Amino acid sequence: MASSHLPCPCHHPGGHGFLKPGRHRSSSLAAKSPSCRFRVLASGSPEKRQLEIVYDPDGRINRLADEVDKNTGLSRLTLFSPCKINVFLRITSKRGDGYHDLASLFHVISLGDTIKFSLSPLQTKDRLSTNAPGVPLDEKNLIIKALNLYRKKTGRDNFFWIHLDKKVPTGAGLGGGSGNAATALWAANQFNGCLVSEKELQQWSSEIGSDIPFFFSHGAAYCTGRGEVVQDIQHLSLDVPMVLIKPQEACSTAEVYKRLHLDRTSSVDPLALLENLTLNGITQDVCINDLEIPAFEVLPSLKRLKKRIMAANRGQYSAVFMSGSGSTIVGVGSPDPPQFIYDEDDYKEVFISEANFLTRQEGKWYTELPMAPSSYSKEDAITGTSCS
């Protein structure tokens, strides 16, 4: 049986409309919608011609996307979006604006999400999807905030379809959302031909989150202020594996800071910690986190977890500490958790991941390590895109 296509919304007065099984009959929709088409089915004689109305809601979108592909140099981009740990975290004072001043060594690690960006053919709004339940898909998400910020600063009007393949747990003290926001800013700049410098992206990013500017370092940085003052450290060699262990319970950052008392924090000079780390590598003495005490009050089971890991340490970990405001405990020196994590029912729901320290090259974004714990399909991916 031969066929020919007629564009909607034409009407074929001599045909007898019929629909394939499972399709909704709606002559008004077929007559008005540009997302449907008519197809004349010829059976060999004019008398037996039949008209098929095919409603194709995705067809128009796909055709518009194809037009975008033809008219732009870059229409799709897949990027690795890593997280971070705080090797040490000192809280030095409380500010007049209600925030706290900190001094911390941030370092990117190889655990990360994957974010796929596509230029939207409909210049109206961004559309975000994800594999992770509970992640907001509207303007509350830092990815959308970052794209809105880029458009506000540059006057550009590109909108995106974004899919977030989430592997970094939330409420973990790993800065996964901040990494997503930095990655989104980088992506938006790529789609606009590297319109602005990395320095500008870094400065803008502090408007939507204190940890976001760090990700525009080369992967290791001494951060002060609220975390937005970033001193890049490019010659710190930390080639050791680690294990991340996070219980199901999350720590509320606001609740942790509410319980913070400066008279219970460490008195060690953070610059002395940085010097010690540079000279001797990661040791337990260096890995001070002033938020551990209040976090352990918020989540007593987290304190027990850290104690259990340290008691089970037979030299495989050079340091065991909490990252950020929790609730991830990091063991540096081995990619494997202690055996009790596997053996005891109390820990059967914990998140476990191995990781390594990660840096990036000048002018390129972070790329996933070949043997990193998080993996993703690289089909149609463009990674490590350069502005140079």
# chains A, B, ... in the order shown; residues from 1 in each chain; ligands from 1
>>> select_by_dssp(residues="region 221-337 of chain A", states="strand (DSSP E or B)", output="PyMOL selection string")
chain A and resi 221-224+229-232+241-246+289+319-322+329-332
>>> select_by_dssp(residues="region 120-174 of chain A", states="helix (DSSP H, G or I)", output="PyMOL selection string")
chain A and resi 142-154
>>> residues_around(residues="region 204-219 of chain A", least_positions_apart="5", cutoff="10 Å", atoms="only C-alpha atoms", output="number ranges by chain")
A: 81-84, 106-109, 142, 145-146, 149-150, 153, 175-183, 185-186, 198-199, 225-234, 236, 357-366
>>> residues_around(residues="Leu291 (chain A)", least_positions_apart="4", cutoff="8 Å", atoms="only C-alpha atoms", output="list of chain:residue names")
A:Leu89, A:Ile91, A:Val256, A:Tyr257, A:Leu260, A:Ala295, A:Gly324, A:Ser325
>>> closest_residue(among="A:Asn141, A:Leu147, A:Asp157, A:Glu354", to="Thr124 (chain A)", atoms="only C-alpha atoms")
A:Asp157
>>> residues_around(residues="Gly333 (chain A)", least_positions_apart="2", cutoff="10 Å", atoms="only C-alpha atoms", output="ChimeraX atom specification")
/A:239-243,282-283,315-320,330-331,335-336,356
>>> atom_distance(atom1="CA of Thr224 (chain A)", atom2="CA of Asp101 (chain A)")
6.7 Å
>>> residues_around(residues="Ile162 (chain A)", least_positions_apart="4", cutoff="7 Å", atoms="only C-alpha atoms", output="ChimeraX atom specification")
/A:115-118,127-129
>>> residues_around(residues="Arg151 (chain A)", least_positions_apart="6", cutoff="12 Å", atoms="only C-alpha atoms", output="list in words")
Lys125, Asp126, Ile144, Lys145, Asp157, Asn158, Phe159, Phe160, Ala184, Leu185, Ala188, Asn189, Phe191, Asn192, Leu195, Val196, Leu201 and Trp204 of chain A
>>> atom_distance(atom1="CA of Thr265 (chain A)", atom2="CA of Ile293 (chain A)")
8.4 Å
>>> atom_distance(atom1="CA of Ile352 (chain A)", atom2="CA of Phe340 (chain A)")
12.7 Å
>>> closest_residue(among="A:Ala254, A:Ile309, A:Ala187, A:Ile288", to="Leu119 (chain A)", atoms="only C-alpha atoms")
A:Ala187
>>> closest_residue(among="A:Lys167, A:Glu292, A:Pro300, A:Lys94", to="Ser110 (chain A)", atoms="only C-alpha atoms")
A:Lys167
